[in-house]
$ cat entry18.txt   # compact mmCIF, C-alpha atoms
# COMPACT_ATOMS: atom_id res chain seq x y z
CA MET N 7 0.00 0.00 0.00
CA CYS N 8 2.79 2.42 0.87
CA TYR N 9 4.50 1.85 -2.45
CA GLN N 10 1.21 2.23 -4.29
CA GLY N 11 0.62 5.60 -2.63
CA LEU N 12 4.21 6.67 -3.27
CA ASP N 13 3.86 5.68 -6.92
CA ILE N 14 0.75 7.84 -7.26
CA ALA N 15 2.45 10.79 -5.56
CA ALA N 16 5.51 10.46 -7.81
CA LYS N 17 3.36 10.43 -10.94
CA ARG N 18 1.50 13.52 -9.77
CA SER N 19 4.76 15.38 -9.23
CA ARG N 20 6.24 13.99 -12.46
CA LYS N 21 9.11 12.34 -10.60
CA ASP N 22 10.70 9.02 -11.48
CA LEU N 23 11.23 6.80 -8.46
CA ASN N 24 14.04 4.89 -10.22
CA ILE N 25 13.08 1.63 -8.52
CA GLN N 26 15.82 -0.98 -8.87
CA GLY N 27 13.92 -3.86 -7.28
CA VAL N 28 10.81 -4.64 -5.27
CA VAL N 29 10.34 -6.96 -2.30
CA TRP N 30 6.77 -8.19 -1.88
CA ASP N 31 6.40 -9.69 1.61
CA SER N 32 3.01 -11.43 1.82
CA CYS N 33 1.73 -9.08 -0.88
CA CYS N 34 -0.36 -9.25 -4.03
CA GLY N 35 -3.28 -11.12 -2.51
CA PRO N 36 -6.77 -11.21 -4.00
CA TYR N 37 -9.32 -8.60 -3.00
CA PRO N 38 -10.89 -9.85 0.24
CA GLU N 39 -14.57 -10.62 0.27
CA ALA N 40 -16.27 -8.73 3.10
CA THR N 41 -18.23 -11.51 4.78
CA ILE N 42 -19.96 -11.05 8.11
CA VAL N 43 -17.52 -13.46 9.75
CA ARG N 44 -14.45 -11.62 8.39
CA VAL N 45 -15.78 -8.24 9.44
CA LEU N 46 -16.54 -9.56 12.93
CA VAL N 47 -13.09 -11.15 13.23
CA LEU N 48 -11.34 -7.95 12.11
CA THR N 49 -13.50 -5.96 14.52
CA ALA N 50 -12.58 -8.31 17.37
CA VAL N 51 -8.89 -7.94 16.51
CA TRP N 52 -9.33 -4.16 16.47
CA PHE N 53 -10.93 -4.27 19.93
CA LEU N 54 -8.12 -6.46 21.27
CA CYS N 55 -5.53 -4.02 19.90
CA CYS N 56 -7.36 -1.13 21.55
CA LEU N 57 -7.52 -3.09 24.81
CA ARG N 58 -3.79 -3.84 24.58
CA ASP N 59 -3.01 -0.16 23.91
CA TRP N 60 -5.13 0.91 26.89
CA THR N 61 -3.73 -1.69 29.33
CA SER N 62 -0.14 -0.98 28.25
CA GLY N 63 -0.62 2.75 28.76
CA GLU N 64 -0.07 3.60 25.09
CA ALA N 65 -3.61 5.01 24.83
CA SER N 66 -6.12 6.29 27.32
CA LEU N 67 -9.42 4.52 27.94
CA LYS N 68 -11.18 7.46 26.29
CA ASP N 69 -8.98 7.19 23.17
CA SER N 70 -9.52 3.42 22.98
CA LEU N 71 -13.30 3.81 23.26
CA ILE N 72 -13.39 6.59 20.65
CA SER N 73 -11.24 4.51 18.29
CA SER N 74 -13.53 1.51 18.76
CA TYR N 75 -16.65 3.63 18.24
CA LEU N 76 -15.24 5.13 15.03
CA MET N 77 -14.26 1.68 13.77
CA ILE N 78 -17.85 0.52 14.16
CA THR N 79 -19.52 3.65 12.77
CA ASP N 80 -17.05 4.37 9.95
CA ARG N 81 -16.09 0.86 8.85
CA VAL N 82 -18.15 -2.03 10.24
CA ILE N 83 -21.67 -0.68 9.75
CA PRO N 84 -20.98 0.80 6.27
CA ALA N 85 -19.25 -2.45 5.19
CA MET N 86 -22.25 -4.51 6.28
CA ILE N 87 -24.73 -2.18 4.55
CA ILE N 88 -22.69 -2.32 1.33
CA ARG N 89 -22.51 -6.11 1.61
CA TRP N 90 -26.27 -6.46 2.16
CA LYS N 91 -26.90 -4.27 -0.90
CA GLY N 92 -24.67 -6.57 -2.96
CA GLN N 93 -22.31 -3.76 -3.91
CA PRO N 94 -18.51 -3.98 -4.01
CA ASN N 95 -16.79 -2.70 -0.89
CA PRO N 96 -14.60 0.36 -1.65
CA PHE N 97 -12.63 0.19 1.62
CA GLY N 98 -8.92 -0.42 1.17
CA LEU N 99 -8.80 0.89 -2.39
CA ILE N 100 -6.38 3.61 -3.44
CA LYS N 101 -7.77 5.56 -6.38
CA GLY N 102 -10.04 2.59 -7.06
CA VAL N 103 -7.25 -0.02 -7.08
CA TRP N 104 -6.73 -2.76 -4.49
CA ALA N 105 -3.11 -2.95 -3.27
CA GLY N 106 -2.98 -6.64 -4.21
CA ASP N 107 -3.98 -5.81 -7.78
CA PHE N 108 -1.35 -3.05 -7.91
CA GLY N 109 1.27 -5.64 -7.00
CA ARG N 110 -0.20 -8.33 -9.22
CA ASP N 111 0.01 -6.08 -12.29
CA TYR N 112 3.20 -4.26 -11.30
CA TYR N 113 5.40 -6.04 -13.86
CA LYS N 114 3.28 -4.64 -16.70
CA ASN N 115 4.42 -1.09 -15.90
CA ARG N 116 8.02 -1.87 -14.86
CA PHE N 117 8.81 -5.03 -16.77
CA ALA N 118 12.58 -5.03 -16.25
CA THR N 119 12.42 -4.35 -12.49
CA PRO N 120 13.39 -7.47 -10.51
CA GLU N 121 10.92 -8.60 -7.87
CA LEU N 122 11.33 -10.81 -4.81
CA PHE N 123 8.21 -12.52 -3.47
CA LEU N 124 8.30 -13.78 0.12
CA TYR N 125 5.25 -15.81 1.08
CA SER N 126 4.06 -18.81 3.03
CA ASN N 127 2.02 -21.94 2.60
CA THR N 128 -0.12 -20.98 5.63
CA ASP N 129 -0.93 -17.28 5.06
CA PHE N 130 -4.60 -16.58 5.78
CA TYR N 131 -4.67 -13.40 3.68
CA LEU N 132 -2.52 -14.53 0.75
CA PRO N 133 -3.35 -18.05 -0.41
CA HIS N 134 -0.14 -19.49 -1.86
CA GLN N 135 -2.12 -21.09 -4.70
CA TYR N 136 -3.36 -17.65 -5.78
CA LEU N 137 0.14 -16.17 -5.72
CA GLU N 138 1.67 -19.10 -7.59
CA ASN N 139 -1.10 -19.70 -10.14
CA THR N 140 -1.96 -16.07 -10.84
CA VAL N 141 0.68 -13.51 -9.84
CA LEU N 142 3.82 -15.56 -10.43
CA ALA N 143 2.41 -17.40 -13.44
CA MET N 144 1.73 -14.09 -15.19
CA ARG N 145 5.37 -13.09 -14.77
CA GLN N 146 6.66 -16.48 -15.79
CA ASN N 147 4.57 -16.42 -18.96
CA VAL N 148 6.21 -13.19 -20.18
CA GLY N 149 9.70 -13.75 -18.77
CA ALA N 150 9.59 -10.95 -16.18
CA PRO N 151 12.49 -11.11 -13.68
CA PHE N 152 11.40 -12.41 -10.28
CA ARG N 153 12.35 -14.76 -7.50
CA ALA N 154 9.83 -16.41 -5.19
CA VAL N 155 10.60 -17.86 -1.76
CA LYS N 156 7.91 -19.93 -0.05
CA PHE N 157 8.27 -20.35 3.70
CA LYS N 158 6.66 -23.19 5.62
CA GLY N 159 4.28 -22.51 8.47
CA SER N 160 4.61 -18.77 8.94
CA ALA N 161 1.55 -16.55 9.25
CA HIS N 162 0.92 -13.36 7.27
CA VAL N 163 4.06 -11.16 7.33
CA ALA N 164 5.65 -13.39 9.99
CA HIS N 165 8.43 -14.85 7.83
CA LEU N 166 11.17 -12.67 9.32
CA ARG N 167 10.26 -13.74 12.83
CA ASN N 168 9.87 -17.44 11.99
CA HIS N 169 12.66 -17.87 9.42
CA TYR N 170 15.09 -15.10 10.32
CA LYS N 171 18.29 -16.40 8.69
CA THR N 172 16.70 -17.52 5.43
CA TYR N 173 14.67 -14.32 5.21
CA MET N 174 17.71 -12.10 5.80
CA ASP N 175 19.82 -14.11 3.35
CA GLU N 176 17.16 -13.67 0.66
CA ILE N 177 16.82 -9.91 1.25
CA ILE N 178 20.58 -9.30 1.35
CA GLY N 179 21.13 -11.48 -1.70
CA PHE N 180 18.41 -9.62 -3.61
CA VAL N 181 19.78 -6.19 -2.70
CA MET N 182 23.41 -7.15 -3.38
CA LYS N 183 22.52 -8.63 -6.77
CA GLY N 184 20.78 -5.35 -7.63
CA LEU N 185 23.78 -3.31 -6.50
CA THR N 186 26.22 -5.34 -8.60
CA SER N 187 24.12 -4.90 -11.72
CA CYS N 188 24.09 -1.07 -11.44

$ encode --input "entry18.txt" --output "structure tokens"
Amino acid sequence: MCYQGLDIAAKRSRKDLNIQGVVWDSCCGPYPEATIVRVLVLTAVWFLCCLRDWTSGEASLKDSLISSYLMITDRVIPAMIIRWKGQPNPFGLIKGVWAGDFGRDYYKNRFATPELFLYSNTDFYLPHQYLENTVLAMRQNVGAPFRAVKFKGSAHVAHLRNHYKTYMDEIIGFVMKGLTSC
């Protein structure tokens, strides 16, 4: 998402980011379907984070309650209404584009830019079958430069914590390879 926003800002200001390589860590997933269960789970996680912030002293009780209230009124209720109407949910889109789709189609705009995909066989948000059969297959079909590393058993964006050495070796190798080709 950050890169997507930065890319938009750079285009607006007519600046070239001169990207030499991209690391996608648990990225390029399909647009999530807003089901009642998913919305309730995400809301519960939000509440737990607010509770943690309050009990750790990082936020006041008032701030935690306001944050929870705004989450319900600004996100949960509108998402449910949109879902019941059968309309697509616009939350999480940047200028109408889902971050996963931005990453999925990235190679089309910067074909020669090497990409490193770090993902897992147990990621709830990024099914490895989707990444392999859609995102990576698209690149493979046109010969776009990429490397994919599939970790075993790590949750979404938890590869560094669970596979520290391998993760660091892959990142350093990717960066060093890019530096030697400049």

$ residues_around --input "entry18.txt" --residues "N:Val45" --least-positions-apart "6" --cutoff "9 Å" --atoms "only C-alpha atoms" --output "ChimeraX atom specification"
/N:82,85-86

$ residues_around --input "entry18.txt" --residues "stretch 142-152 of chain N" --least-positions-apart "4" --cutoff "7 Å" --atoms "all atoms listed in the file" --output "MDAnalysis selection string"
chainID N and resid 113 117:122 137:138

$ write_last_selection --input "entry18.txt" --atoms "C-alpha atoms" --output "PDB file, in the coordinates of the input"
ATOM      1  CA  TYR N 113       5.400  -6.040 -13.860  1.00  0.00           C
ATOM      2  CA  PHE N 117       8.810  -5.030 -16.770  1.00  0.00           C
ATOM      3  CA  ALA N 118      12.580  -5.030 -16.250  1.00  0.00           C
ATOM      4  CA  THR N 119      12.420  -4.350 -12.490  1.00  0.00           C
ATOM      5  CA  PRO N 120      13.390  -7.470 -10.510  1.00  0.00           C
ATOM      6  CA  GLU N 121      10.920  -8.600  -7.870  1.00  0.00           C
ATOM      7  CA  LEU N 122      11.330 -10.810  -4.810  1.00  0.00           C
ATOM      8  CA  LEU N 137       0.140 -16.170  -5.720  1.00  0.00           C
ATOM      9  CA  GLU N 138       1.670 -19.100  -7.590  1.00  0.00           C
TER      10      GLU N 138
END

$ residues_around --input "entry18.txt" --residues "N:Gly109" --least-positions-apart "3" --cutoff "12 Å" --atoms "all atoms listed in the file" --output "VMD selection string"
chain N and resid 7 to 10 13 28 to 37 103 to 106 112 to 116 121 to 123 137 140 to 142 144 to 145

$ atom_distance --input "entry18.txt" --atom1 "atom CA of N:Ser160" --atom2 "atom CA of N:Asp129"
6.9 Å

$ atom_distance --input "entry18.txt" --atom1 "atom CA of N:Pro84" --atom2 "atom CA of N:Leu46"
13.1 Å

$ atom_distance --input "entry18.txt" --atom1 "atom CA of N:Trp60" --atom2 "atom CA of N:His162"
25.0 Å

$ residues_near_point --input "entry18.txt" --point "(-12.2, -0.4, 22.2)" --cutoff "12 Å" --atoms "all atoms listed in the file" --output "PyMOL selection string"
chain N and resi 49-61+65-78

$ write_last_selection --input "entry18.txt" --atoms "C-alpha atoms" --output "mmCIF file, in the frame of the given file"
data_model
loop_
_atom_site.group_PDB
_atom_site.id
_atom_site.type_symbol
_atom_site.label_atom_id
_atom_site.label_comp_id
_atom_site.auth_asym_id
_atom_site.auth_seq_id
_atom_site.Cartn_x
_atom_site.Cartn_y
_atom_site.Cartn_z
ATOM 1 C CA THR N 49 -13.500 -5.960 14.520
ATOM 2 C CA ALA N 50 -12.580 -8.310 17.370
ATOM 3 C CA VAL N 51 -8.890 -7.940 16.510
ATOM 4 C CA TRP N 52 -9.330 -4.160 16.470
ATOM 5 C CA PHE N 53 -10.930 -4.270 19.930
ATOM 6 C CA LEU N 54 -8.120 -6.460 21.270
ATOM 7 C CA CYS N 55 -5.530 -4.020 19.900
ATOM 8 C CA CYS N 56 -7.360 -1.130 21.550
ATOM 9 C CA LEU N 57 -7.520 -3.090 24.810
ATOM 10 C CA ARG N 58 -3.790 -3.840 24.580
ATOM 11 C CA ASP N 59 -3.010 -0.160 23.910
ATOM 12 C CA TRP N 60 -5.130 0.910 26.890
ATOM 13 C CA THR N 61 -3.730 -1.690 29.330
ATOM 14 C CA ALA N 65 -3.610 5.010 24.830
ATOM 15 C CA SER N 66 -6.120 6.290 27.320
ATOM 16 C CA LEU N 67 -9.420 4.520 27.940
ATOM 17 C CA LYS N 68 -11.180 7.460 26.290
ATOM 18 C CA ASP N 69 -8.980 7.190 23.170
ATOM 19 C CA SER N 70 -9.520 3.420 22.980
ATOM 20 C CA LEU N 71 -13.300 3.810 23.260
ATOM 21 C CA ILE N 72 -13.390 6.590 20.650
ATOM 22 C CA SER N 73 -11.240 4.510 18.290
ATOM 23 C CA SER N 74 -13.530 1.510 18.760
ATOM 24 C CA TYR N 75 -16.650 3.630 18.240
ATOM 25 C CA LEU N 76 -15.240 5.130 15.030
ATOM 26 C CA MET N 77 -14.260 1.680 13.770
ATOM 27 C CA ILE N 78 -17.850 0.520 14.160
#

$ residues_around --input "entry18.txt" --residues "N:Ala40" --least-positions-apart "2" --cutoff "9 Å" --atoms "only C-alpha atoms" --output "VMD selection string"
chain N and resid 38 42 to 45 85 to 86 89 94 to 95

$ closest_residue --input "entry18.txt" --among "N:Ile83, N:Gln26, N:Gly63, N:Arg20" --to "N:Lys183" --atoms "all atoms listed in the file"
N:Gln26

$ closest_residue --input "entry18.txt" --among "N:Ile100, N:Leu124, N:Ile178, N:Leu12" --to "N:Ala154" --atoms "only C-alpha atoms"
N:Leu124

$ closest_residue --input "entry18.txt" --among "N:Asp22, N:Asn127, N:Thr41, N:Tyr173" --to "N:Trp90" --atoms "all atoms listed in the file"
N:Thr41

$ closest_residue --input "entry18.txt" --among "N:Ser126, N:Gln135, N:Thr172, N:Gln93" --to "N:Phe157" --atoms "only C-alpha atoms"
N:Ser126

$ closest_residue --input "entry18.txt" --among "N:Arg110, N:Gly179, N:Lys101, N:Met174" --to "N:Ala15" --atoms "only C-alpha atoms"
N:Lys101

$ build_atoms --input "entry18.txt" --residues "stretch 90-113 of chain N" --atoms "N, CA and C atoms" --output "short mmCIF file (atom, residue, chain, number, x, y, z; two decimals), in the frame of the given file"
data_model
loop_
_atom_site.label_atom_id
_atom_site.label_comp_id
_atom_site.auth_asym_id
_atom_site.auth_seq_id
_atom_site.Cartn_x
_atom_site.Cartn_y
_atom_site.Cartn_z
N TRP N 90 -24.86 -6.08 2.28
CA TRP N 90 -26.27 -6.46 2.16
C TRP N 90 -26.89 -5.94 0.87
N LYS N 91 -26.40 -4.82 0.36
CA LYS N 91 -26.90 -4.27 -0.90
C LYS N 91 -26.30 -4.98 -2.11
N GLY N 92 -25.30 -5.83 -1.87
CA GLY N 92 -24.67 -6.57 -2.96
C GLY N 92 -23.69 -5.73 -3.77
N GLN N 93 -23.25 -4.63 -3.21
CA GLN N 93 -22.31 -3.76 -3.91
C GLN N 93 -20.88 -4.08 -3.51
N PRO N 94 -19.91 -3.75 -4.39
CA PRO N 94 -18.51 -3.98 -4.01
C PRO N 94 -18.08 -3.02 -2.91
N ASN N 95 -17.24 -3.50 -2.02
CA ASN N 95 -16.79 -2.70 -0.89
C ASN N 95 -15.59 -1.84 -1.31
N PRO N 96 -15.70 -0.51 -1.21
CA PRO N 96 -14.60 0.36 -1.65
C PRO N 96 -13.49 0.54 -0.62
N PHE N 97 -13.64 0.00 0.58
CA PHE N 97 -12.63 0.19 1.62
C PHE N 97 -11.33 -0.50 1.23
N GLY N 98 -10.23 0.15 1.48
CA GLY N 98 -8.92 -0.42 1.17
C GLY N 98 -8.44 -0.15 -0.23
N LEU N 99 -9.22 0.57 -1.02
CA LEU N 99 -8.80 0.89 -2.39
C LEU N 99 -8.09 2.24 -2.41
N ILE N 100 -7.07 2.35 -3.23
CA ILE N 100 -6.38 3.61 -3.44
C ILE N 100 -6.63 4.01 -4.88
N LYS N 101 -7.36 5.10 -5.05
CA LYS N 101 -7.77 5.56 -6.38
C LYS N 101 -8.45 4.43 -7.16
N GLY N 102 -9.26 3.66 -6.45
CA GLY N 102 -10.04 2.59 -7.06
C GLY N 102 -9.30 1.29 -7.31
N VAL N 103 -8.06 1.18 -6.83
CA VAL N 103 -7.25 -0.02 -7.08
C VAL N 103 -6.87 -0.68 -5.75
N TRP N 104 -7.13 -1.97 -5.64
CA TRP N 104 -6.73 -2.76 -4.49
C TRP N 104 -5.21 -2.93 -4.51
N ALA N 105 -4.57 -2.83 -3.35
CA ALA N 105 -3.11 -2.95 -3.27
C ALA N 105 -2.62 -4.27 -3.85
N GLY N 106 -3.36 -5.34 -3.64
CA GLY N 106 -2.98 -6.64 -4.21
C GLY N 106 -2.98 -6.63 -5.72
N ASP N 107 -3.93 -5.92 -6.32
CA ASP N 107 -3.98 -5.81 -7.78
C ASP N 107 -2.84 -4.93 -8.31
N PHE N 108 -2.49 -3.89 -7.54
CA PHE N 108 -1.35 -3.05 -7.91
C PHE N 108 -0.09 -3.92 -7.99
N GLY N 109 0.12 -4.75 -6.99
CA GLY N 109 1.27 -5.64 -7.00
C GLY N 109 1.18 -6.73 -8.05
N ARG N 110 0.00 -7.28 -8.22
CA ARG N 110 -0.20 -8.33 -9.22
C ARG N 110 0.19 -7.85 -10.61
N ASP N 111 -0.21 -6.62 -10.94
CA ASP N 111 0.01 -6.08 -12.29
C ASP N 111 1.26 -5.22 -12.40
N TYR N 112 2.04 -5.14 -11.36
CA TYR N 112 3.20 -4.26 -11.30
C TYR N 112 4.16 -4.48 -12.47
N TYR N 113 4.43 -5.72 -12.82
CA TYR N 113 5.40 -6.04 -13.86
C TYR N 113 5.00 -5.45 -15.22
#
